[in-house]
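Below: the structure, in structure tokens.
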Amino acid sequence: MNQATIQLDEVSKQYDDVFAVRNLSLTISKGEIFGLLGPNGAGKTTTILMLLGLSEPTSGSVRVCGIDSIKKPIEVKRRVGYLPDNIGFYQNMTGLENLLYTAQLNNIPRDEARKRAEYLLDKVNLSDAANKKAGKYSRGMKQRLGLADVLMKNPEVIILDEPTLGIDPEGVRELLKMIRELGKEEGMTVLLSSHHLHQVQQICDRVGIFVKGQLIAEGNVQSLAKKLFPEATLVITVHASPIPNELVKEVQLLEHVQRVQKIEEGLEITCYEDISAVISKVIVEMGSDLTHISKKNFGLDEIYHRYFEGRELHESY
Amino acid sequence: MSLTNVRNKLKFLSLRTESFQTRNSNPSAFMSIVRKEFTDYIRSWRIMILGIIILLTCIGSIYTAITTISDAIDQAGNQAEGIGSDLYLFLHLFTVSDGTLPSFITFVGFLGPLFGIALGFDAINSERNRGTLSRLLSQPIPRDYLMNAKFAAALLLNVLLFFSLGLLVMAFGILILGIPPTFEEFLRIFCFLCLCIVYIAFWLNLGILFSVVFKSQATSALSSIAVWIFFNVFYSMIINLVSKSIFSPDRMTNVSDVLESQDTVLTLMRLSPNYLFSESTTILLSPNVRTLGPLTVEQTVGAVAGPLPLSQSLLLIWPQLTGLAAATLICFAIAYLTFMRQEIRTN
């Protein structure tokens with residue numbers, strides 16, 4: 001079951017002189033939850049619009065579910081549910097009516113549509129608000145209604161553009177749980193764009209980091225860390241005294257250690273693997289007092305942050 | 001792969017083939033949009049208010065028309081041939097007024113464009129601003145469905161409103177005056193109503209065009225109204241100003257010069273859709289008007305005095321009609337092309 005559901009091949013999109021997306025190649029297989037990460041204006045939404053055939057790439061080919069998005073956008077849109085970043089509903093219609101309207105546009109028979117809408121409203125915890133005007137919905141409710149709306153057509157792929165934007169933390173948790181459950185239960189492929197890393201980290205199988213229209217790295221969080229930082233990603237801070245030079249040398253010789261730096265109260269050891277146990281043993285064996293040992297791993301946030309610290313550098317070419 | 005999976009797969013496949021059959025045309029989705037837009041229109045306050053205003057003014061104008069006509073009939077009551085000679089009495093319902101209130105056609109010519117603009121000015125940009133545009137277009141419908149459906153819904157509302165108004169006026173006329181319209185009169189009124197719809201469709205399309213071009217609803221509403229006021233009020237003023245220089249006495253040496261300058265002024269006037277509309281309505285509803293331009297005495301020699309038949313009236317205003325229809329289509333075409341090429345993203 002490892003067929004590619006979304007396949008982008010050397011896709012570029014040019015606005016005037018500026019490349020919104022440049023030579024993007026990406027494959028997402030069926031049933032996967034993929035996170036597209038990047039700062040605002042990185043070209044995430046443009047990429048999504050090209051997937052849906054709502055925007056035409058300057059060059060390259062886009063295939064979704066094996067269908068060419070450029071030539072047959074309607075076929076693609078039949079299979080793909082899209083939650084735009086700034087979702088809106090017809091305010092003078094109730095939540096249920098909004099869903100039924102979507103069903104009509106998808107040619108779903110009335111009875112079936114009603115059943116499905118009620119089922120989905122229940123699933124996103126909006127059963128009580130089903131007959132409330134959508135104009136009175138809160139931001140979080142709108143987003144959940146949006147999720148239900150996306151699922152009305154029973155899609156094979158769902159694309160969510162910044163689904164967690166502007167929702168309170170509890171709402172985010174709930175929404176992400178729903179997305180995760182839905183993705184896994186129904187075997188849907190989920191493409192999620194965000195600039196919020198913790199959230200993406202929680203639910204995505206794989207992420208891609210997208211900057212200035214280019215995918216600079218993709219993979220799961222661990223492999224991403226390795227890719228982005230060929231140097232070690234684990235920093236172990238040790239407070240000990242005294243610190244003779246032999247100790248520094250000894251630690252330096254340990255396996256997996258990349259670099260040892262002497263700081264005021266102890267050592268800062270950058271390494272590839274977690275070897276804190278070995279380090280503490282070495283320190284104690286050398287006769288020093290170990291007062292503190294802590295380690296810090298680069299999470300996605302760290303990766304992201306460290307990448308963007310050097311952003312100006314990358315922008316200059 | 002378990003059995004349920006296989007079954008699901010099969011169910012999926014059958015669903016897919018079903019959808020394949022309907023893939024190229026999706027009329028039910030189109031009808032759904034039209035239905036939804038139509039409901040939105042008749043439920044919206046601005047259309048209700050405008051509708052009521054149009055209804056009230058029309059009742060007022062019919063009332064004055066009817067009183068004027070019955071007065072005229074009473075005065076002419078003694079001489080039977082007086083009424084008989086006044087052919088097309090029924091059409092006077094639409095054109096006559098006693099001076100206190102303007103006539104029906106003046107009202108329609110004035111409020112019709114406003115109605116069209118009110119229907120069209122926020123067609124696309126309201127969807128964009130509400131964030132429903134991208135959601136709507138991610139459904140399996142061609143992009144032009146949205147615009148065509150909006151236009152169709154607005155046009156449908158127009159047709160309904162103006163035909164019911166026209167028929168109501170006729171009904172009142174029959175009830176109060178007691179004279180039934182002749183078949184030709186009926187046809188003339190029918191043509192007039194169609195003309196109204198084309199004219200309003202022009203303003204509707206102008207509104208839609210601005211709603212595609214301008215992102216803000218206020219801008220598009222104001223620009224459409226500005227265009228409307230320009231053609232309604234200022235255009236004729238400007239032409240008057242221009243015609244003063246064209247008609248300067250030192251350039252007028254003979255008759256052909258006068259005729260030529262008159263033609264130039266008329267052509268300039270006819271660039272305005274309002275003028276085309278008023279010319280066409282005059283010809284349609286007043287069969288006694290035989291020409292739109294100046295006539296020399298030699299030209300009228302030998303002409304049979306009397307009203308024109310409908311076919312001749314239509315022939316007379318055919319260029320105006322095609323001009324109006326073309327303007328309408330051009331507006332729609334520009335709006336359509338712009339919309340098809342536009343980016344969908346909201347920001």
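Ligands are numbered from 1 in the order shown, chains are lettered A, B, ... in the order of the structure tokens, and residues start at 1 in each chain.
Residue list for chain B within 7 Å of chain A: Ala29, Ser32, Arg130, Gly131, Thr132, Ser134, Arg135, Ser138, Gln139, Pro140, Ile141, Pro142, Glu343 and Ile344 of chain B, counting only C-alpha atoms.
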*Long-range neighbours of segment 195-209 of chain B as a list in words, 7 Å cut-off, only C-alpha atoms, 6 positions minimum in chain*: Gly112, Pro113, Gly116, Ile117, Leu119, Gly120, Phe121, Ala123, Leu155, Asn158, Val159, Ser224, Phe277, Leu324, Ala325, Ala327, Thr328, Cys331, Phe332, Ile334 and Ala335 of chain B
*Do you know which residues are at most 7 Å from Ser29 of chain A counting only C-alpha atoms, after dropping those on the same chain fewer than 6 positions away, and could you put them as a ChimeraX atom specification?*
/A:2-6
*Pick from A:Ile243, A:Val278, A:Leu176, A:Leu165, whichever lies nearest to His195 of chain A using only C-alpha atoms*: A:Leu165
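A straight line drawn from atom CA of Pro180 of chain B to atom CA of Tyr63 of chain B is 17.4 Å long.
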*Mind the document's chain letters and residue numbers, and return as a PyMOL selection string the residues of segment 98-301 of chain A that DSSP labels helix (DSSP H, G or I).*
chain A and resi 98-105+110-123+127-129+134-136+139-151+169-185+197-203+221-228+245-253+276-285+300-301
Counting only C-alpha atoms, what is within 9 Å of segment 252-267 of chain B, bar same-chain residues fewer than 3 positions away, as an mmCIF file with C-alpha atoms, in the first residue's frame?
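Heads up, here's the output in part.cif:
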data_model
loop_
_atom_site.group_PDB
_atom_site.id
_atom_site.type_symbol
_atom_site.label_atom_id
_atom_site.label_comp_id
_atom_site.auth_asym_id
_atom_site.auth_seq_id
_atom_site.Cartn_x
_atom_site.Cartn_y
_atom_site.Cartn_z
ATOM 1 C CA ILE B 239 -22.486 66.405 -24.459
ATOM 2 C CA ASN B 240 -24.423 69.647 -24.221
ATOM 3 C CA VAL B 242 -19.553 69.748 -26.561
ATOM 4 C CA SER B 243 -22.522 70.310 -28.807
ATOM 5 C CA ILE B 246 -20.241 71.779 -32.665
ATOM 6 C CA PHE B 247 -23.307 73.919 -33.303
ATOM 7 C CA SER B 248 -21.405 77.204 -33.405
ATOM 8 C CA PRO B 249 -23.161 79.485 -35.932
ATOM 9 C CA ARG B 270 -25.605 57.048 -27.931
ATOM 10 C CA LEU B 271 -22.410 56.014 -26.223
ATOM 11 C CA GLY B 293 -32.818 61.700 -35.661
ATOM 12 C CA PRO B 294 -33.671 64.926 -37.450
ATOM 13 C CA LEU B 295 -35.748 64.706 -40.612
ATOM 14 C CA THR B 296 -35.792 67.252 -43.367
#
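Excluding Glu174 of chain A and any residue on its chain fewer than 6 positions from it, the residues at most 12 Å away by only C-alpha atoms are A:Lys123, A:Val124, A:Asn125, A:Gly140, A:Met141, A:Gln143, A:Arg144, A:Leu147, A:Pro163, A:Thr164, A:Ile167, A:Asp168, A:Arg180, A:Glu181, A:Gln199, A:Ile203.
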*Which residues come within 8 Å of segment 113-121 of chain A, counting only C-alpha atoms, excluding same-chain residues fewer than 3 positions away, as a ChimeraX atom specification?*
/A:96,99-100,103,108-110,124-127,130,145,148,151-152
*Output as a ChimeraX atom specification all residues of segment 32-259 of chain A that backbone DSSP marks as strand (DSSP E or B).*
/A:33-37,59-64,67-68,80-83,94,133,157-161,189-194,206-211,214-219,234-241,257-259
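Of the residues listed (B:Met48, B:Ile225, B:Gly306, B:Met147), B:Gly306 shows the shortest atom-to-atom separation from Ser286 of chain B; distances use only C-alpha atoms.
Using only C-alpha atoms, the protein and nucleic acid residues lying no more than 12 Å from Ser288 of chain A, apart from those fewer than 6 places from it along its own chain, are Val238, His239, Ala240, Ser241, Pro242, Ile243, Pro244, Asn245, Glu246, Leu247, Val248, Gly266, Ile279, Ser280, Lys281 and Val282 of chain A.
Residue nearest Glu273 of chain A within the list A:Val251, A:Leu26, A:Leu234, A:Cys204: A:Leu234 [criterion: smallest interatomic distance, only C-alpha atoms].
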_Considering only C-alpha atoms, can you say which of A:Ala217, A:Leu191, A:Ile236, A:Val211 comes closest to Ile28 of chain A?_
A:Leu191
*Nearest to Leu55 of chain B: which of B:Thr106, B:Thr95, B:Ser216, B:Ser164 is it, counting only C-alpha atoms?*
B:Ser164
_Which residue of B:Ile66, B:Ala305, B:Ile52, B:Met31 approaches Ala153 of chain B most closely, using only C-alpha atoms_ = B:Met31
